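Have a look at the structure below, then the notes.
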Amino acid sequence: MKKIFIVAFIAIVGIAFTAPAFAIEHEFGGYWRTRMYTQKNFDGSDSSTPDVITDYTRTDTRSRIYYTAILNDNLKFVNKFEMNATWGVAGGSHTANYGDIGADGLSVLVKNSYVDFNVGSFNAKLGTQPAVVHRGLVFDDDFSGLMLSIDSSIGTTSGGFLKIDESSDNTGSDVNGYLFKHQVNLDSITLAPTFVYTDAADGDYTYFLGADVDGNFGPTTLWGTLVYQGGVAGNTSDGLGVEQDISAWLIALGGNHNINDSVGIHGKFLFSTGNDINSDDVEGFGTDFGGYYYVWAEIMGGGIFDGQSSAYTSGAFGLKNVIAFNVGTTYQACEKLSLDFDLWYAKMEEVTHANQDDSLGLEIDVKATYQIIDGLSLELVGAYLFAGDGTQFDSDTSAVYTNDENPFEIGTRLSLSF
């Protein structure tokens, strides 16, 4: 399969350079970043018996190449490819990684490949494409399916079909998703109510009903997202499963105010329900198939180095079972240098074990962003978590670790896009 991807990529590039210039317009773009970082004590365990798997010191690279063939004003063919490597990881002899001596890795991933076309007032995108639902709190990923949209005097209406899982058993076991969204612009305010429905095998289903609100009032911007999740889970083909009702909530609020050209202040409030350990129903917000991506704190919320998060948090991959508060400031020191300072406090909405504390901790994040030359930026990040007792809980013994170490991370990211 990897060889097929390579051949397809080469063929597309070949077409781009050999097709008549008058017939097709070619657009190329891309993104590249290299991260160097250290993360320590993320698992919350006793320092005398550390889980070294969660202590990272590594360098990794991501490259993305974009190619779009514009056939005419109403038709585009869009493709995006990605290559990832962790430095020093064995990848020779044409294996997946290319970060060690000799390189030669087969690590070209197809991110997107779809047709974007207009028919009258309708726009359609068919194929493997990206989508963002509720700022990534419900979905921010690539999928295969169809998206339709139309602009009118009352706003933009869009709908879509997402193929989540194609079962090899029978059609009734497939998992499909359906999306409806209507966005209205009201002077300084944008309102976007959204409905998402996913079906699954044996009568299970999940739906999300919510709305995004964004306001722009000169130096002040405000935003909010409210989502209710309902549905049914737990059914099985043999009829022996115990049906569970799904009832969960998510609330996200935020704002930013520019005091002057150099200084801004910002804040966030995040809330998502968790499962009550004494309840038989599903009260924790989230989906079984994933697809969500929302970065908040550097350690508790994924951050720039998003491979892991501190114990009992879900990081960037789903805002689950958490209540979090944030205040911060941004200082534009000069044209090329900006500084960000953030303070986060978070707790679990529901504890996951009996006798567990709900505190996740107090986190301090510092970031400096410097534009080395036009198009090339360097970010320096430092974060420290004064871990709460909830993160230092041994689920096997129901005891709090006494020799626990607080998590911290330091790192850099060099990136460019074109």
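Just so we're on the same page: first chain in the structure tokens is A, next is B, and so on; residues restart at 1 for each chain, and ligands are numbered from 1 in the order they show up.
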
Segment 322-333 of chain A environment, 6 Å, only C-alpha atoms, sequence neighbours closer than 6 positions dropped, as a list in words: Ser262, Val263, Gly264, Ile265, His266, Gly267, Lys268, Phe269, Leu270, Phe271, Ser272, Leu339, Asp340, Phe341, Asp342, Leu343, Trp344, Tyr345, Ala346, Lys347, Met348 and Glu349 of chain A

Got time to write the residues from that selection, C-alpha atoms, as a PDB file, in the first residue's frame?
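So the final result, stored in selection12.pdb, reads:
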ATOM      1  CA  SER A 262       1.779  45.526  22.751  1.00  0.00           C
ATOM      2  CA  VAL A 263      -0.221  43.941  25.575  1.00  0.00           C
ATOM      3  CA  GLY A 264      -3.237  41.663  25.559  1.00  0.00           C
ATOM      4  CA  ILE A 265      -5.015  39.618  28.223  1.00  0.00           C
ATOM      5  CA  HIS A 266      -7.038  36.456  27.694  1.00  0.00           C
ATOM      6  CA  GLY A 267      -8.914  33.762  29.562  1.00  0.00           C
ATOM      7  CA  LYS A 268     -10.826  30.496  29.148  1.00  0.00           C
ATOM      8  CA  PHE A 269     -13.311  28.328  31.007  1.00  0.00           C
ATOM      9  CA  LEU A 270     -13.684  24.688  29.959  1.00  0.00           C
ATOM     10  CA  PHE A 271     -16.213  22.185  31.298  1.00  0.00           C
ATOM     11  CA  SER A 272     -17.058  18.661  30.198  1.00  0.00           C
ATOM     12  CA  LEU A 339       5.828  36.422  24.871  1.00  0.00           C
ATOM     13  CA  ASP A 340       2.910  34.428  26.311  1.00  0.00           C
ATOM     14  CA  PHE A 341       2.298  33.744  30.007  1.00  0.00           C
ATOM     15  CA  ASP A 342      -0.548  31.454  31.088  1.00  0.00           C
ATOM     16  CA  LEU A 343      -1.886  30.113  34.359  1.00  0.00           C
ATOM     17  CA  TRP A 344      -4.204  27.081  34.395  1.00  0.00           C
ATOM     18  CA  TYR A 345      -6.128  25.339  37.154  1.00  0.00           C
ATOM     19  CA  ALA A 346      -8.009  22.115  36.438  1.00  0.00           C
ATOM     20  CA  LYS A 347      -9.940  19.417  38.266  1.00  0.00           C
ATOM     21  CA  MET A 348     -11.911  16.341  37.277  1.00  0.00           C
ATOM     22  CA  GLU A 349     -15.649  16.812  36.947  1.00  0.00           C
TER      23      GLU A 349
END

Helix (DSSP H, G or I) per DSSP on the backbone: members of segment 131-275 of chain A, as a list in words: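 Residues meeting the helix (DSSP H, G or I) criterion: His134, Arg135, Gly136, Thr171, Gly172, Ser173, Ala201, Asp202 and Gly203 of chain A.
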
Any chance you could export the current selection's N, CA and C atoms as a CSV table (one decimal), in the first residue's frame?
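File produced: out02.csv:
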chain,number,residue,atom,x,y,z
A,134,HIS,N,-17.3,22.4,16.1
A,134,HIS,CA,-17.2,23.0,17.4
A,134,HIS,C,-15.8,23.2,17.9
A,135,ARG,N,-15.0,23.9,17.1
A,135,ARG,CA,-13.6,24.3,17.4
A,135,ARG,C,-12.7,23.1,17.6
A,136,GLY,N,-13.0,21.9,17.2
A,136,GLY,CA,-12.3,20.7,17.5
A,136,GLY,C,-12.7,19.9,18.7
A,171,THR,N,-23.6,-4.6,6.3
A,171,THR,CA,-23.9,-3.2,6.3
A,171,THR,C,-24.4,-2.7,7.6
A,172,GLY,N,-25.1,-3.5,8.3
A,172,GLY,CA,-25.7,-3.0,9.6
A,172,GLY,C,-24.7,-2.7,10.7
A,173,SER,N,-23.4,-3.2,10.5
A,173,SER,CA,-22.4,-2.9,11.4
A,173,SER,C,-21.5,-1.7,11.1
A,201,ALA,N,-23.6,-0.2,15.3
A,201,ALA,CA,-24.2,-1.5,15.2
A,201,ALA,C,-25.2,-1.7,16.3
A,202,ASP,N,-26.1,-2.6,16.1
A,202,ASP,CA,-27.0,-3.1,17.1
A,202,ASP,C,-27.9,-2.0,17.8
A,203,GLY,N,-28.2,-0.9,17.0
A,203,GLY,CA,-29.1,0.1,17.5
A,203,GLY,C,-28.5,1.2,18.3

Shortest interatomic distance to Val110 of chain A - which of A:Tyr312, A:Phe139, A:Tyr67, A:Phe122, counting only C-alpha atoms: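 Going through A:Tyr312, A:Phe139, A:Tyr67, A:Phe122 one by one, the smallest distance to Val110 of chain A is for A:Tyr67.
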
Close residues, Asp43 of chain A itself excluded, 9 Å, only C-alpha atoms, min 2 positions apart in chain, as a PyMOL selection string: chain A and resi 40-41+45+50-51+54-55+309-312+391-392+407
